[in-house]
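Worksheet: the structure to be examined is printed underneath.
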Amino acid sequence: MFGMLDYRANKLFLIIFGIPWFILRWVAIIGLPFAYYGIGHSLADNRLLQIGASLIALFIGEFIWMIIVTYIDKLFMFLFNLLVDVIPADGRTKEEAVMVVRGGQQAIRMLNLGSKHPNEWSDDDLMAYKDSIFTLFFRPVIDKRVEVIRNYYAENPDAYFSISAIEDVLKERALEVDWLERIVCNPQWRAMVISYGLTAYLLLFNPFK
């Protein structure tokens, strides 16, 4: 075992476990909808019964998959910790260091945004909101939000700072994140929409009848 700072350990973690995580992610997004569809198709001849069986498989399958992924994640981190003693950098806690090992620079930025006062946010911290090709069409409104937040806390340095407080400031100015931006820019929401959208397509149109 050897020591390594958390942000450097992230690179090694990606080298070792990046491909397995990539495969697991796309199995969940693409593979599971076909599995649910196939289960319903194999268990019944009536179309409504097929859909019902697929939906039951979906609810049970999502729960089982969540358990599987949780334990795979614990296994990967256990194996990684056998190789590397992760050293928190920049005053982070052990728990935050683990987040950095998993999430890299994006995790560092999100931690900074959550722990720093908006007056102390750096330009690199703010890249957490737009360091993705999926944010391309939303960058003008993202930049506007950042400007509003910075100006508000510059004018009100003693104002209470929290995620909910920021959301209230943005809501008053009609700059809250809408459902389309949330789906396109958030990887978790985006994956859910693709997966459930594919499931709905397979169940409604039955392309492999």
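Note on naming: chains are A, B, ... as they come in the structure tokens, residues start from 1 per chain, ligands start from 1 in the order shown.
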
Could you pull out the residues in region 36-193 of chain A that DSSP calls strand (DSSP E) from the backbone, as a PyMOL selection string?
-> chain A and resi 84-87

I need the residues from that last selection saved to file as a compact mmCIF listing (two decimals), in the first residue's frame (with N, CA, C and O atoms), if you can.
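What follows is the written file result_8.txt:
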```
# COMPACT_ATOMS: atom_id res chain seq x y z
N VAL A 84 -4.11 1.61 -2.21
CA VAL A 84 -3.80 3.03 -2.00
C VAL A 84 -4.36 3.52 -0.67
O VAL A 84 -5.52 3.26 -0.34
N ASP A 85 -3.53 4.24 0.05
CA ASP A 85 -3.98 4.96 1.24
C ASP A 85 -4.29 6.38 0.79
O ASP A 85 -3.38 7.18 0.54
N VAL A 86 -5.58 6.68 0.65
CA VAL A 86 -6.00 7.98 0.12
C VAL A 86 -5.78 9.05 1.18
O VAL A 86 -6.28 8.95 2.30
N ILE A 87 -5.04 10.10 0.80
CA ILE A 87 -4.74 11.20 1.71
C ILE A 87 -5.58 12.41 1.32
O ILE A 87 -5.47 12.91 0.19
```

Please provide the set of residues having any atom within 12 Å of Arg190 (chain A), restricted to only C-alpha atoms, with same-chain residues fewer than 6 positions apart removed, written as a PyMOL selection string.
-> chain A and resi 29+134+179-184+196-197

Next, the residues of the selection above should be written as a PDB file, in the first residue's frame with N, CA and C atoms.
```pdb
ATOM      1  N   ILE A  29     -28.588   1.468 -18.378  1.00  0.00           N
ATOM      2  CA  ILE A  29     -29.339   2.375 -19.241  1.00  0.00           C
ATOM      3  C   ILE A  29     -29.988   1.640 -20.409  1.00  0.00           C
ATOM      4  N   PHE A 134     -23.292  18.899 -22.571  1.00  0.00           N
ATOM      5  CA  PHE A 134     -24.749  18.935 -22.410  1.00  0.00           C
ATOM      6  C   PHE A 134     -25.240  20.292 -21.885  1.00  0.00           C
ATOM      7  N   TRP A 179     -37.357  21.914 -15.896  1.00  0.00           N
ATOM      8  CA  TRP A 179     -37.288  20.451 -16.023  1.00  0.00           C
ATOM      9  C   TRP A 179     -36.424  20.028 -17.202  1.00  0.00           C
ATOM     10  N   LEU A 180     -36.459  20.776 -18.313  1.00  0.00           N
ATOM     11  CA  LEU A 180     -35.668  20.390 -19.488  1.00  0.00           C
ATOM     12  C   LEU A 180     -34.178  20.505 -19.205  1.00  0.00           C
ATOM     13  N   GLU A 181     -33.776  21.610 -18.604  1.00  0.00           N
ATOM     14  CA  GLU A 181     -32.364  21.787 -18.275  1.00  0.00           C
ATOM     15  C   GLU A 181     -31.908  20.738 -17.276  1.00  0.00           C
ATOM     16  N   ARG A 182     -32.763  20.427 -16.313  1.00  0.00           N
ATOM     17  CA  ARG A 182     -32.403  19.429 -15.300  1.00  0.00           C
ATOM     18  C   ARG A 182     -32.168  18.070 -15.947  1.00  0.00           C
ATOM     19  N   ILE A 183     -33.029  17.698 -16.882  1.00  0.00           N
ATOM     20  CA  ILE A 183     -32.904  16.398 -17.540  1.00  0.00           C
ATOM     21  C   ILE A 183     -31.674  16.345 -18.432  1.00  0.00           C
ATOM     22  N   VAL A 184     -31.436  17.402 -19.200  1.00  0.00           N
ATOM     23  CA  VAL A 184     -30.331  17.404 -20.163  1.00  0.00           C
ATOM     24  C   VAL A 184     -28.983  17.500 -19.467  1.00  0.00           C
ATOM     25  N   TYR A 196     -35.839   4.783 -18.974  1.00  0.00           N
ATOM     26  CA  TYR A 196     -37.289   4.608 -18.877  1.00  0.00           C
ATOM     27  C   TYR A 196     -37.981   4.926 -20.194  1.00  0.00           C
ATOM     28  N   GLY A 197     -37.390   5.829 -20.968  1.00  0.00           N
ATOM     29  CA  GLY A 197     -37.947   6.110 -22.292  1.00  0.00           C
ATOM     30  C   GLY A 197     -37.827   4.908 -23.204  1.00  0.00           C
TER      31      GLY A 197
END
```

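Here CA of Ala174 (chain A) and CA of Ile149 (chain A) stand 12.9 Å from one another.
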